[in-house]
$ cat structure35.cif   # mmCIF, C-alpha atoms
data_input
#
loop_
_atom_site.group_PDB
_atom_site.id
_atom_site.type_symbol
_atom_site.label_atom_id
_atom_site.label_comp_id
_atom_site.auth_asym_id
_atom_site.auth_seq_id
_atom_site.Cartn_x
_atom_site.Cartn_y
_atom_site.Cartn_z
ATOM 1 C CA MET A 1 -19.570 4.564 -32.180
ATOM 2 C CA LEU A 2 -17.263 7.569 -31.920
ATOM 3 C CA LYS A 3 -19.777 9.334 -29.668
ATOM 4 C CA GLU A 4 -19.984 6.286 -27.379
ATOM 5 C CA PHE A 5 -16.188 6.144 -27.158
ATOM 6 C CA LYS A 6 -16.049 9.869 -26.331
ATOM 7 C CA ASP A 7 -18.701 9.398 -23.618
ATOM 8 C CA PHE A 8 -16.727 6.478 -22.178
ATOM 9 C CA ILE A 9 -13.439 8.407 -22.135
ATOM 10 C CA MET A 10 -15.016 11.493 -20.596
ATOM 11 C CA LYS A 11 -16.512 9.634 -17.658
ATOM 12 C CA GLY A 12 -14.993 10.708 -14.348
ATOM 13 C CA ASN A 13 -13.737 7.261 -13.373
ATOM 14 C CA VAL A 14 -11.680 6.837 -16.550
ATOM 15 C CA LEU A 15 -10.075 10.251 -16.200
ATOM 16 C CA GLU A 16 -9.338 9.682 -12.516
ATOM 17 C CA LEU A 17 -7.765 6.323 -13.333
ATOM 18 C CA ALA A 18 -5.597 7.858 -16.059
ATOM 19 C CA VAL A 19 -4.381 10.564 -13.692
ATOM 20 C CA ALA A 20 -3.689 7.973 -10.990
ATOM 21 C CA VAL A 21 -1.645 5.809 -13.378
ATOM 22 C CA ILE A 22 0.452 8.772 -14.526
ATOM 23 C CA ILE A 23 1.068 9.961 -10.967
ATOM 24 C CA ALA A 24 1.881 6.408 -9.837
ATOM 25 C CA GLY A 25 4.476 6.082 -12.605
ATOM 26 C CA ALA A 26 6.116 9.350 -11.619
ATOM 27 C CA PHE A 27 5.965 8.409 -7.947
ATOM 28 C CA GLY A 28 7.532 5.026 -8.726
ATOM 29 C CA ALA A 29 10.430 6.786 -10.452
ATOM 30 C CA ILE A 30 10.916 9.026 -7.413
ATOM 31 C CA VAL A 31 10.927 6.062 -5.032
ATOM 32 C CA THR A 32 13.341 4.140 -7.274
ATOM 33 C CA SER A 33 15.697 7.106 -7.334
ATOM 34 C CA PHE A 34 15.369 7.508 -3.560
ATOM 35 C CA THR A 35 16.198 3.848 -3.035
ATOM 36 C CA ASN A 36 19.075 3.669 -5.544
ATOM 37 C CA ASP A 37 20.618 7.102 -4.975
ATOM 38 C CA VAL A 38 19.884 7.965 -1.344
ATOM 39 C CA LEU A 39 19.076 4.856 0.676
ATOM 40 C CA MET A 40 21.225 2.073 -0.766
ATOM 41 C CA PRO A 41 24.639 3.853 -0.902
ATOM 42 C CA PRO A 42 24.831 4.399 2.891
ATOM 43 C CA ILE A 43 23.534 0.867 3.515
ATOM 44 C CA GLY A 44 26.166 -0.496 1.136
ATOM 45 C CA MET A 45 28.854 1.620 2.778
ATOM 46 C CA ALA A 46 27.802 0.367 6.218
ATOM 47 C CA LEU A 47 28.109 -3.194 4.918
ATOM 48 C CA GLY A 48 31.679 -2.636 3.766
ATOM 49 C CA GLY A 49 31.292 -0.843 0.445
ATOM 50 C CA VAL A 50 28.789 -3.244 -1.123
ATOM 51 C CA ASP A 51 26.990 -2.020 -4.256
ATOM 52 C CA PHE A 52 23.691 -3.850 -4.221
ATOM 53 C CA SER A 53 23.179 -3.491 -7.970
ATOM 54 C CA ASP A 54 26.341 -5.571 -8.514
ATOM 55 C CA LEU A 55 25.365 -8.411 -6.195
ATOM 56 C CA ALA A 56 24.713 -11.521 -8.262
ATOM 57 C CA ILE A 57 25.358 -15.232 -8.415
ATOM 58 C CA GLN A 58 26.895 -16.017 -11.773
ATOM 59 C CA LEU A 59 25.603 -19.276 -13.228
ATOM 60 C CA SER A 60 27.629 -19.224 -16.449
ATOM 61 C CA GLU A 61 30.464 -17.207 -17.934
ATOM 62 C CA PRO A 62 29.866 -14.973 -20.964
ATOM 63 C CA VAL A 63 30.621 -16.666 -24.297
ATOM 64 C CA MET A 64 33.058 -14.773 -26.532
ATOM 65 C CA ASN A 65 33.328 -15.083 -30.310
ATOM 66 C CA ALA A 66 36.561 -15.140 -32.321
ATOM 67 C CA ASP A 67 36.741 -11.322 -32.386
ATOM 68 C CA GLY A 68 36.695 -11.107 -28.609
ATOM 69 C CA GLU A 69 33.147 -9.724 -28.512
ATOM 70 C CA VAL A 70 30.479 -11.107 -26.223
ATOM 71 C CA ALA A 71 28.358 -13.551 -28.243
ATOM 72 C CA GLN A 72 26.220 -14.640 -25.301
ATOM 73 C CA GLU A 73 25.801 -12.735 -22.046
ATOM 74 C CA ALA A 74 26.609 -14.358 -18.734
ATOM 75 C CA VAL A 75 23.674 -15.941 -16.940
ATOM 76 C CA SER A 76 23.365 -14.744 -13.367
ATOM 77 C CA ILE A 77 20.888 -14.377 -10.540
ATOM 78 C CA ARG A 78 20.903 -10.668 -9.679
ATOM 79 C CA TYR A 79 19.700 -10.797 -6.088
ATOM 80 C CA GLY A 80 21.051 -7.302 -5.335
ATOM 81 C CA MET A 81 18.574 -5.783 -7.792
ATOM 82 C CA PHE A 82 15.850 -7.908 -6.204
ATOM 83 C CA ILE A 83 16.717 -6.464 -2.775
ATOM 84 C CA GLN A 84 16.456 -2.937 -4.202
ATOM 85 C CA LYS A 85 13.062 -3.692 -5.774
ATOM 86 C CA VAL A 86 11.786 -5.138 -2.481
ATOM 87 C CA ILE A 87 12.864 -1.968 -0.672
ATOM 88 C CA ASP A 88 11.122 0.107 -3.391
ATOM 89 C CA PHE A 89 7.945 -1.904 -2.844
ATOM 90 C CA ILE A 90 8.068 -1.516 0.938
ATOM 91 C CA ILE A 91 8.497 2.258 0.645
ATOM 92 C CA ILE A 92 5.631 2.589 -1.855
ATOM 93 C CA ALA A 93 3.365 0.285 0.175
ATOM 94 C CA PHE A 94 4.058 2.265 3.359
ATOM 95 C CA ILE A 95 3.328 5.600 1.698
ATOM 96 C CA ILE A 96 0.102 4.272 0.163
ATOM 97 C CA PHE A 97 -0.866 2.905 3.590
ATOM 98 C CA MET A 98 -0.301 6.331 5.132
ATOM 99 C CA ILE A 99 -2.355 8.040 2.387
ATOM 100 C CA VAL A 100 -5.261 5.601 2.739
ATOM 101 C CA ARG A 101 -5.103 5.804 6.537
ATOM 102 C CA THR A 102 -5.239 9.610 6.419
ATOM 103 C CA TYR A 103 -8.082 9.525 3.882
ATOM 104 C CA ASN A 104 -10.073 7.100 6.029
ATOM 105 C CA ARG A 105 -9.600 9.255 9.126
ATOM 106 C CA MET A 106 -10.688 12.383 7.267
ATOM 107 C CA ASN A 107 -13.809 10.677 5.922
ATOM 108 C CA ALA A 108 -14.691 8.694 9.023
ATOM 109 C CA LYS A 109 -18.323 9.043 9.879
ATOM 110 C CA PRO A 110 -19.106 9.201 13.568
ATOM 111 C CA GLU A 111 -20.801 6.036 14.686
ATOM 112 C CA PRO A 112 -24.445 6.593 15.508
ATOM 113 C CA GLU A 113 -25.109 6.546 19.201
ATOM 114 C CA ALA A 114 -26.936 3.473 20.361
ATOM 115 C CA PRO A 115 -30.369 4.268 21.710
ATOM 116 C CA ALA A 116 -30.435 4.447 25.467
ATOM 117 C CA PRO A 117 -31.682 1.211 27.006
ATOM 118 C CA ASP A 118 -35.167 1.271 28.465
ATOM 119 C CA PRO A 119 -34.607 2.371 32.068
ATOM 120 C CA GLY A 120 -37.342 0.045 33.282
ATOM 121 C CA PRO A 121 -39.667 0.725 36.157
ATOM 122 C CA THR A 122 -38.560 3.017 38.941
ATOM 123 C CA GLU A 123 -38.242 1.920 42.544
ATOM 124 C CA LYS A 124 -41.636 3.410 43.398
ATOM 125 C CA GLU A 125 -43.303 1.548 40.535
ATOM 126 C CA LEU A 126 -41.736 -1.752 41.632
ATOM 127 C CA LEU A 127 -42.911 -1.227 45.223
ATOM 128 C CA ALA A 128 -46.396 -0.366 43.962
ATOM 129 C CA GLN A 129 -46.474 -3.572 41.860
ATOM 130 C CA ILE A 130 -45.371 -5.645 44.866
ATOM 131 C CA ARG A 131 -48.018 -3.979 47.020
ATOM 132 C CA ASP A 132 -50.728 -4.693 44.427
ATOM 133 C CA LEU A 133 -49.636 -8.358 44.119
ATOM 134 C CA LEU A 134 -49.691 -8.784 47.904
ATOM 135 C CA ALA A 135 -53.110 -7.137 48.091
ATOM 136 C CA LYS A 136 -54.501 -9.636 45.520
ATOM 137 C CA GLN A 137 -53.365 -12.594 47.634
#
$ encode --input "structure35.cif" --output "C-alpha coordinates"
Amino acid sequence: MLKEFKDFIMKGNVLELAVAVIIAGAFGAIVTSFTNDVLMPPIGMALGGVDFSDLAIQLSEPVMNADGEVAQEAVSIRYGMFIQKVIDFIIIAFIIFMIVRTYNRMNAKPEPEAPAPDPGPTEKELLAQIRDLLAKQ
(Lines of atoms letter the chains of each structure in order from A and count residues from 1; the text may use other names and numbers.)
(Lines give C-alpha, C1' and ligand atoms only; values in the text may rest on other atoms or scores of the structure.)
Protein backbone atom coordinates (compact mmCIF):
# COMPACT_ATOMS: atom_id res chain seq x y z
CA MET A 1 0.00 0.00 0.00
CA LEU A 2 2.84 2.39 0.81
CA LYS A 3 4.41 1.72 -2.60
CA GLU A 4 1.10 2.45 -4.35
CA PHE A 5 0.76 5.72 -2.43
CA LYS A 6 4.33 6.69 -3.35
CA ASP A 7 3.63 5.91 -7.02
CA PHE A 8 0.46 8.01 -6.88
CA ILE A 9 2.22 10.98 -5.26
CA MET A 10 5.15 10.84 -7.67
CA LYS A 11 2.99 10.99 -10.78
CA GLY A 12 3.56 14.17 -12.77
CA ASN A 13 -0.04 15.37 -12.60
CA VAL A 14 -0.14 15.31 -8.79
CA LEU A 15 3.12 17.21 -8.48
CA GLU A 16 2.05 19.76 -11.08
CA LEU A 17 -1.25 20.26 -9.25
CA ALA A 18 0.53 20.75 -5.92
CA VAL A 19 2.85 23.35 -7.44
CA ALA A 20 -0.10 25.11 -9.08
CA VAL A 21 -2.03 25.27 -5.79
CA ILE A 22 0.96 26.72 -3.93
CA ILE A 23 1.65 29.30 -6.64
CA ALA A 24 -2.06 30.20 -6.83
CA GLY A 25 -2.14 30.82 -3.07
CA ALA A 26 0.90 33.08 -3.26
CA PHE A 27 -0.50 34.84 -6.31
CA GLY A 28 -3.83 35.35 -4.51
CA ALA A 29 -1.99 37.02 -1.63
CA ILE A 30 -0.19 39.32 -4.07
CA VAL A 31 -3.43 40.30 -5.79
CA THR A 32 -5.16 40.88 -2.43
CA SER A 33 -2.32 43.13 -1.33
CA PHE A 34 -2.40 44.95 -4.68
CA THR A 35 -6.13 45.53 -4.35
CA ASN A 36 -6.11 46.54 -0.66
CA ASP A 37 -2.85 48.51 -0.57
CA VAL A 38 -2.44 49.97 -4.06
CA LEU A 39 -5.74 50.05 -5.92
CA MET A 40 -8.41 50.75 -3.30
CA PRO A 41 -6.78 53.71 -1.45
CA PRO A 42 -6.74 55.99 -4.54
CA ILE A 43 -10.26 54.87 -5.48
CA GLY A 44 -11.43 55.61 -1.93
CA MET A 45 -9.66 58.98 -1.99
CA ALA A 46 -11.31 59.83 -5.32
CA LEU A 47 -14.68 58.99 -3.77
CA GLY A 48 -14.14 61.40 -0.89
CA GLY A 49 -11.91 59.47 1.50
CA VAL A 50 -13.97 56.27 1.62
CA ASP A 51 -12.27 53.20 3.12
CA PHE A 52 -13.94 50.28 1.42
CA SER A 53 -13.07 47.85 4.22
CA ASP A 54 -15.20 49.96 6.59
CA LEU A 55 -18.27 50.10 4.36
CA ALA A 56 -21.06 48.09 5.98
CA ILE A 57 -24.74 48.14 6.77
CA GLN A 58 -25.15 47.51 10.47
CA LEU A 59 -28.13 45.28 11.24
CA SER A 60 -27.75 45.22 15.02
CA GLU A 61 -25.69 47.00 17.65
CA PRO A 62 -23.06 45.10 19.65
CA VAL A 63 -24.33 43.73 22.97
CA MET A 64 -22.28 44.75 26.01
CA ASN A 65 -22.11 42.89 29.32
CA ALA A 66 -22.05 44.48 32.78
CA ASP A 67 -18.27 45.01 32.61
CA GLY A 68 -18.54 47.05 29.44
CA GLU A 69 -17.02 44.30 27.28
CA VAL A 70 -18.57 43.17 24.02
CA ALA A 71 -20.63 40.04 24.73
CA GLN A 72 -22.00 39.74 21.20
CA GLU A 73 -20.51 41.37 18.11
CA ALA A 74 -22.59 43.67 15.95
CA VAL A 75 -24.26 42.02 12.97
CA SER A 76 -23.52 43.84 9.74
CA ILE A 77 -23.41 43.36 5.99
CA ARG A 78 -19.85 44.24 4.98
CA TYR A 79 -20.39 45.18 1.34
CA GLY A 80 -17.09 47.10 1.17
CA MET A 81 -15.16 43.87 1.72
CA PHE A 82 -17.34 42.23 -0.93
CA ILE A 83 -16.40 44.97 -3.41
CA GLN A 84 -12.71 44.37 -2.67
CA LYS A 85 -13.10 40.60 -3.18
CA VAL A 86 -14.90 41.17 -6.49
CA ILE A 87 -12.04 43.40 -7.66
CA ASP A 88 -9.55 40.70 -6.54
CA PHE A 89 -11.47 38.13 -8.58
CA ILE A 90 -11.59 40.33 -11.68
CA ILE A 91 -7.83 40.94 -11.52
CA ILE A 92 -7.05 37.24 -11.06
CA ALA A 93 -9.49 36.20 -13.80
CA PHE A 94 -7.97 38.73 -16.22
CA ILE A 95 -4.42 37.58 -15.53
CA ILE A 96 -5.39 33.92 -15.93
CA PHE A 97 -7.15 34.82 -19.19
CA MET A 98 -3.98 36.51 -20.44
CA ILE A 99 -1.84 33.49 -19.44
CA VAL A 100 -4.17 31.00 -21.14
CA ARG A 101 -4.47 33.22 -24.22
CA THR A 102 -0.68 33.46 -24.51
CA TYR A 103 -0.30 29.70 -23.97
CA ASN A 104 -2.89 28.95 -26.65
CA ARG A 105 -1.18 31.26 -29.14
CA MET A 106 2.21 29.69 -28.46
CA ASN A 107 0.84 26.17 -28.92
CA ALA A 108 -1.49 26.91 -31.82
CA LYS A 109 -1.09 24.39 -34.56
CA PRO A 110 -1.38 25.76 -38.07
CA GLU A 111 -4.58 24.61 -39.67
CA PRO A 112 -3.97 22.08 -42.41
CA GLU A 113 -4.47 23.53 -45.84
CA ALA A 114 -7.58 22.30 -47.55
CA PRO A 115 -6.81 20.27 -50.63
CA ALA A 116 -7.12 22.27 -53.80
CA PRO A 117 -10.47 21.72 -55.49
CA ASP A 118 -10.44 19.62 -58.63
CA PRO A 119 -9.85 22.16 -61.41
CA GLY A 120 -12.19 20.29 -63.73
CA PRO A 121 -11.78 19.99 -67.45
CA THR A 122 -9.92 22.68 -69.34
CA GLU A 123 -11.49 24.78 -72.06
CA LYS A 124 -9.97 22.58 -74.77
CA GLU A 125 -11.37 19.44 -73.16
CA LEU A 126 -14.85 20.97 -72.93
CA LEU A 127 -14.75 22.01 -76.60
CA ALA A 128 -13.57 18.51 -77.55
CA GLN A 129 -16.47 16.96 -75.59
CA ILE A 130 -18.96 19.28 -77.30
CA ARG A 131 -17.47 18.43 -80.68
CA ASP A 132 -17.72 14.69 -79.97
CA LEU A 133 -21.36 15.03 -78.81
CA LEU A 134 -22.27 16.99 -81.94
CA ALA A 135 -20.51 14.43 -84.12
CA LYS A 136 -22.59 11.60 -82.55
CA GLN A 137 -25.84 13.37 -83.43
$ axis_aligned_box --input "structure35.cif" --around "stretch 71-80 of chain A" --padding-each-side "3 Å" --output "AutoDock Vina command-line options"
--center_x 24.0 --center_y -11.6 --center_z -16.8 --size_x 14.7 --size_y 14.6 --size_z 28.9
$ atom_distance --input "structure35.cif" --atom1 "atom CA of A:Ala74" --atom2 "atom CA of A:Ser33"
26.6 Å
$ atom_distance --input "structure35.cif" --atom1 "atom CA of A:Leu55" --atom2 "atom CA of A:Met40"
12.5 Å
$ residues_near_point --input "structure35.cif" --point "(30.8, -11.2, -16.9)" --cutoff "9 Å" --atoms "all atoms listed in the file" --output "PyMOL selection string"
chain A and resi 58+60-62+73-76
$ atom_distance --input "structure35.cif" --atom1 "atom CA of A:Val100" --atom2 "atom CA of A:Ile43"
29.2 Å
$ resolve_selection --input "structure35.cif" --expression "the PyMOL selection byres ((chain A and resi 84-99) around 10)" --output "ChimeraX atom specification"
/A:24,27-36,39-40,52-53,79-83,100-105
$ build_atoms --input "structure35.cif" --residues "stretch 114-133 of chain A" --atoms "N, CA and C atoms" --output "PDB file, in the coordinates of the input"
ATOM      1  N   ALA A 114     -25.934   4.504  20.118  1.00  0.00           N
ATOM      2  CA  ALA A 114     -26.936   3.473  20.361  1.00  0.00           C
ATOM      3  C   ALA A 114     -28.052   4.088  21.196  1.00  0.00           C
ATOM      4  N   PRO A 115     -29.285   3.704  20.898  1.00  0.00           N
ATOM      5  CA  PRO A 115     -30.369   4.268  21.710  1.00  0.00           C
ATOM      6  C   PRO A 115     -30.214   3.831  23.166  1.00  0.00           C
ATOM      7  N   ALA A 116     -30.567   4.733  24.034  1.00  0.00           N
ATOM      8  CA  ALA A 116     -30.435   4.447  25.467  1.00  0.00           C
ATOM      9  C   ALA A 116     -31.343   3.273  25.829  1.00  0.00           C
ATOM     10  N   PRO A 117     -30.839   2.346  26.627  1.00  0.00           N
ATOM     11  CA  PRO A 117     -31.682   1.211  27.006  1.00  0.00           C
ATOM     12  C   PRO A 117     -32.870   1.699  27.833  1.00  0.00           C
ATOM     13  N   ASP A 118     -33.965   0.935  27.716  1.00  0.00           N
ATOM     14  CA  ASP A 118     -35.167   1.271  28.465  1.00  0.00           C
ATOM     15  C   ASP A 118     -34.817   1.229  29.952  1.00  0.00           C
ATOM     16  N   PRO A 119     -35.019   2.333  30.666  1.00  0.00           N
ATOM     17  CA  PRO A 119     -34.607   2.371  32.068  1.00  0.00           C
ATOM     18  C   PRO A 119     -35.400   1.408  32.951  1.00  0.00           C
ATOM     19  N   GLY A 120     -36.552   0.965  32.461  1.00  0.00           N
ATOM     20  CA  GLY A 120     -37.342   0.045  33.282  1.00  0.00           C
ATOM     21  C   GLY A 120     -38.118   0.800  34.344  1.00  0.00           C
ATOM     22  N   PRO A 121     -38.852   0.062  35.136  1.00  0.00           N
ATOM     23  CA  PRO A 121     -39.667   0.725  36.157  1.00  0.00           C
ATOM     24  C   PRO A 121     -38.790   1.311  37.266  1.00  0.00           C
ATOM     25  N   THR A 122     -39.282   2.380  37.833  1.00  0.00           N
ATOM     26  CA  THR A 122     -38.560   3.017  38.941  1.00  0.00           C
ATOM     27  C   THR A 122     -38.800   2.216  40.217  1.00  0.00           C
ATOM     28  N   GLU A 123     -38.110   2.617  41.261  1.00  0.00           N
ATOM     29  CA  GLU A 123     -38.242   1.920  42.544  1.00  0.00           C
ATOM     30  C   GLU A 123     -39.667   2.037  43.087  1.00  0.00           C
ATOM     31  N   LYS A 124     -40.267   3.201  42.923  1.00  0.00           N
ATOM     32  CA  LYS A 124     -41.636   3.410  43.398  1.00  0.00           C
ATOM     33  C   LYS A 124     -42.612   2.512  42.658  1.00  0.00           C
ATOM     34  N   GLU A 125     -42.407   2.389  41.333  1.00  0.00           N
ATOM     35  CA  GLU A 125     -43.303   1.548  40.535  1.00  0.00           C
ATOM     36  C   GLU A 125     -43.177   0.080  40.940  1.00  0.00           C
ATOM     37  N   LEU A 126     -41.934  -0.367  41.193  1.00  0.00           N
ATOM     38  CA  LEU A 126     -41.736  -1.752  41.632  1.00  0.00           C
ATOM     39  C   LEU A 126     -42.424  -2.013  42.970  1.00  0.00           C
ATOM     40  N   LEU A 127     -42.270  -1.065  43.916  1.00  0.00           N
ATOM     41  CA  LEU A 127     -42.911  -1.227  45.223  1.00  0.00           C
ATOM     42  C   LEU A 127     -44.438  -1.227  45.093  1.00  0.00           C
ATOM     43  N   ALA A 128     -44.939  -0.405  44.170  1.00  0.00           N
ATOM     44  CA  ALA A 128     -46.396  -0.366  43.962  1.00  0.00           C
ATOM     45  C   ALA A 128     -46.878  -1.692  43.374  1.00  0.00           C
ATOM     46  N   GLN A 129     -46.102  -2.278  42.444  1.00  0.00           N
ATOM     47  CA  GLN A 129     -46.474  -3.572  41.860  1.00  0.00           C
ATOM     48  C   GLN A 129     -46.461  -4.676  42.928  1.00  0.00           C
ATOM     49  N   ILE A 130     -45.451  -4.646  43.785  1.00  0.00           N
ATOM     50  CA  ILE A 130     -45.371  -5.645  44.866  1.00  0.00           C
ATOM     51  C   ILE A 130     -46.568  -5.489  45.804  1.00  0.00           C
ATOM     52  N   ARG A 131     -46.878  -4.243  46.133  1.00  0.00           N
ATOM     53  CA  ARG A 131     -48.018  -3.979  47.020  1.00  0.00           C
ATOM     54  C   ARG A 131     -49.311  -4.510  46.405  1.00  0.00           C
ATOM     55  N   ASP A 132     -49.504  -4.249  45.103  1.00  0.00           N
ATOM     56  CA  ASP A 132     -50.728  -4.693  44.427  1.00  0.00           C
ATOM     57  C   ASP A 132     -50.798  -6.204  44.376  1.00  0.00           C
ATOM     58  N   LEU A 133     -49.658  -6.883  44.150  1.00  0.00           N
ATOM     59  CA  LEU A 133     -49.636  -8.358  44.119  1.00  0.00           C
ATOM     60  C   LEU A 133     -49.970  -8.933  45.507  1.00  0.00           C
TER      61      LEU A 133
END
